[in-house]
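**Q** One structure, pasted below without further comment.
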Amino acid sequence: LKFRLRQGRACMATKFAIRSLNSEGEVDALAAFCAHCFKDKKPIAPPQCLFRGHYDWDVTDCEPGSDADTATKLSLRLVALAADADAAADAGADADGLGDGIHGTVTVFRRQLWICGRPVAIGGVGDVCVDPGVRGRGLAKQCLREALARMADASAPEGGAPRMVLSGLHCAPQVAPLYASLGWRPARLVLRWRTLE
């Protein structure tokens with residue numbers, strides 16, 4: 001899986017296939033794509049290594065560095081690829097037929113909150129990106145719906161991890177209606193802090 005900029009060419013694909021990353025080798029393509037998509041959205045463009053770090057430093061319920069840890073992290077990183085052969089060929093398909101066809105991403109971070117003294121598994125949503133050439137076609141919603149479906153029944157490959165029952169995210173005010181249309185609601189964040197002596 002590769003990511004190359006398709007400068008000046010909008011993808012004409014109308015259907016997308018959403019899948020998890022297949023290997024750690026695909027993480028760099030996802031990171032490059034996210035850095036490209038966010039470069040004009042922030043006062044200082046986030047570097048690719050920031051998005052790579054989201055993978056490298058993510059924690060799961062599994063033994064760090066184990067096959068189960070890697071499988072869990074890969075399974076919750078979703079990419080949208082052109083679904084039809086013509087679009088894949090237009091995007092410069094590789095021998096595996098995937099080409100550089102990343103058009104959207106979303107990442108789910110498995111986390112735990114304590115609510116009323118009990119641990120609750122939640123899915124934190126991040127790295128939501130859509131290629132500027134395909135924006136306005138519902139791809140972000142498609143990616144987010146797939147992420148919600150996976151959160152609803154996700155558990156660690158070795159078992160034992162509870163189903164995620166809540167999802168949370170931070171977003172800019174201009175994209176809040178997108179998330180509201182899929183059921184996310186504003187929540188007041190209450191932080192408690194103390195000084196360390």
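Residue numbers start at 1 in each chain; chains themselves are named A, B, ... in the order of the structure tokens; ligands are numbered from 1 in the order shown.
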Write out as number ranges by chain which residues come within 9 Å of region 185-189 of chain A when counting only C-alpha atoms, dropping same-chain ones fewer than 4 positions away.
**A** A: 176, 179-180
**Q** Let's have the selection written as an mmCIF file, in the first residue's frame, with N, CA and C atoms.
**A**
data_model
loop_
_atom_site.group_PDB
_atom_site.id
_atom_site.type_symbol
_atom_site.label_atom_id
_atom_site.label_comp_id
_atom_site.auth_asym_id
_atom_site.auth_seq_id
_atom_site.Cartn_x
_atom_site.Cartn_y
_atom_site.Cartn_z
ATOM 1 N N ALA A 176 -18.264 19.598 13.543
ATOM 2 C CA ALA A 176 -19.146 19.029 14.562
ATOM 3 C C ALA A 176 -20.462 18.509 13.969
ATOM 4 N N TYR A 179 -20.185 14.818 12.853
ATOM 5 C CA TYR A 179 -20.198 13.843 13.940
ATOM 6 C C TYR A 179 -21.577 13.770 14.594
ATOM 7 N N ALA A 180 -22.258 14.908 14.713
ATOM 8 C CA ALA A 180 -23.613 14.910 15.284
ATOM 9 C C ALA A 180 -24.564 14.085 14.423
#
**Q** If you count only C-alpha atoms, which residues fall within 7 Å of region 37-41 of chain A, apart from same-chain ones fewer than 6 positions away, as a ChimeraX atom specification?
**A** /A:129-131
**Q** Extract, using only C-alpha atoms, all DNA, RNA and protein residues at most 12 Å from region 46-52 of chain A, discarding same-chain residues fewer than 6 positions from it, and format them as a ChimeraX atom specification.
**A** /A:24-40,58,77,105-107,126-129
**Q** At a cut-off of 9 Å, using only C-alpha atoms, what residues contact Val59 (chain A)? Leave out same-chain residues fewer than 5 positions from it and give the result as a VMD selection string.
**A** chain A and resid 64 69 73 109 to 111
**Q** Taking only C-alpha atoms into account, produce a table as a Markdown table in which each residue of region 40-150 of chain A with an atom at most 7 Å from an atom of region 164-174 of chain A appears once, together with its shortest atom pair and the distance in Å to one decimal, ordered by chain and rising number.
**A**
| residue | atom | partner | partner_atom | distance |
| --- | --- | --- | --- | --- |
| A:Ala121 | CA | A:Met164 | CA | 4.7 |
| A:Ile122 | CA | A:Leu166 | CA | 4.7 |
| A:Gly123 | CA | A:Ser167 | CA | 4.6 |
| A:Gly124 | CA | A:Gly168 | CA | 4.9 |
| A:Val125 | CA | A:Leu169 | CA | 5.2 |
| A:Gly126 | CA | A:Leu169 | CA | 6.8 |
**Q** Just checking: using only C-alpha atoms, which residue out of A:Ala45, A:Ile102, A:Cys62, A:Ala140 ends up closest to Leu182 (chain A)?
**A**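 Residue with the minimum atom-to-atom distance to Leu182 (chain A): A:Ala140.
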**Q** Please determine, counting only C-alpha atoms, which residue among A:Ala17, A:Leu144, A:Thr70, A:Val134 has the shortest atom-to-atom distance to Ser181 (chain A).
**A**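 Distance minimum relative to Ser181 (chain A) lands on A:Leu144.
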**Q** Rank nothing, just name the residue among A:Ser20, A:Gln142, A:Thr195, A:Gln112 nearest to Thr72 (chain A), using only C-alpha atoms.
**A** A:Ser20
**Q** May I ask which of the residues A:Gly65, A:Gly53, A:Pro119, A:Gly138 is the closest one to Lys15 (chain A), counting only C-alpha atoms?
**A** A:Gly138
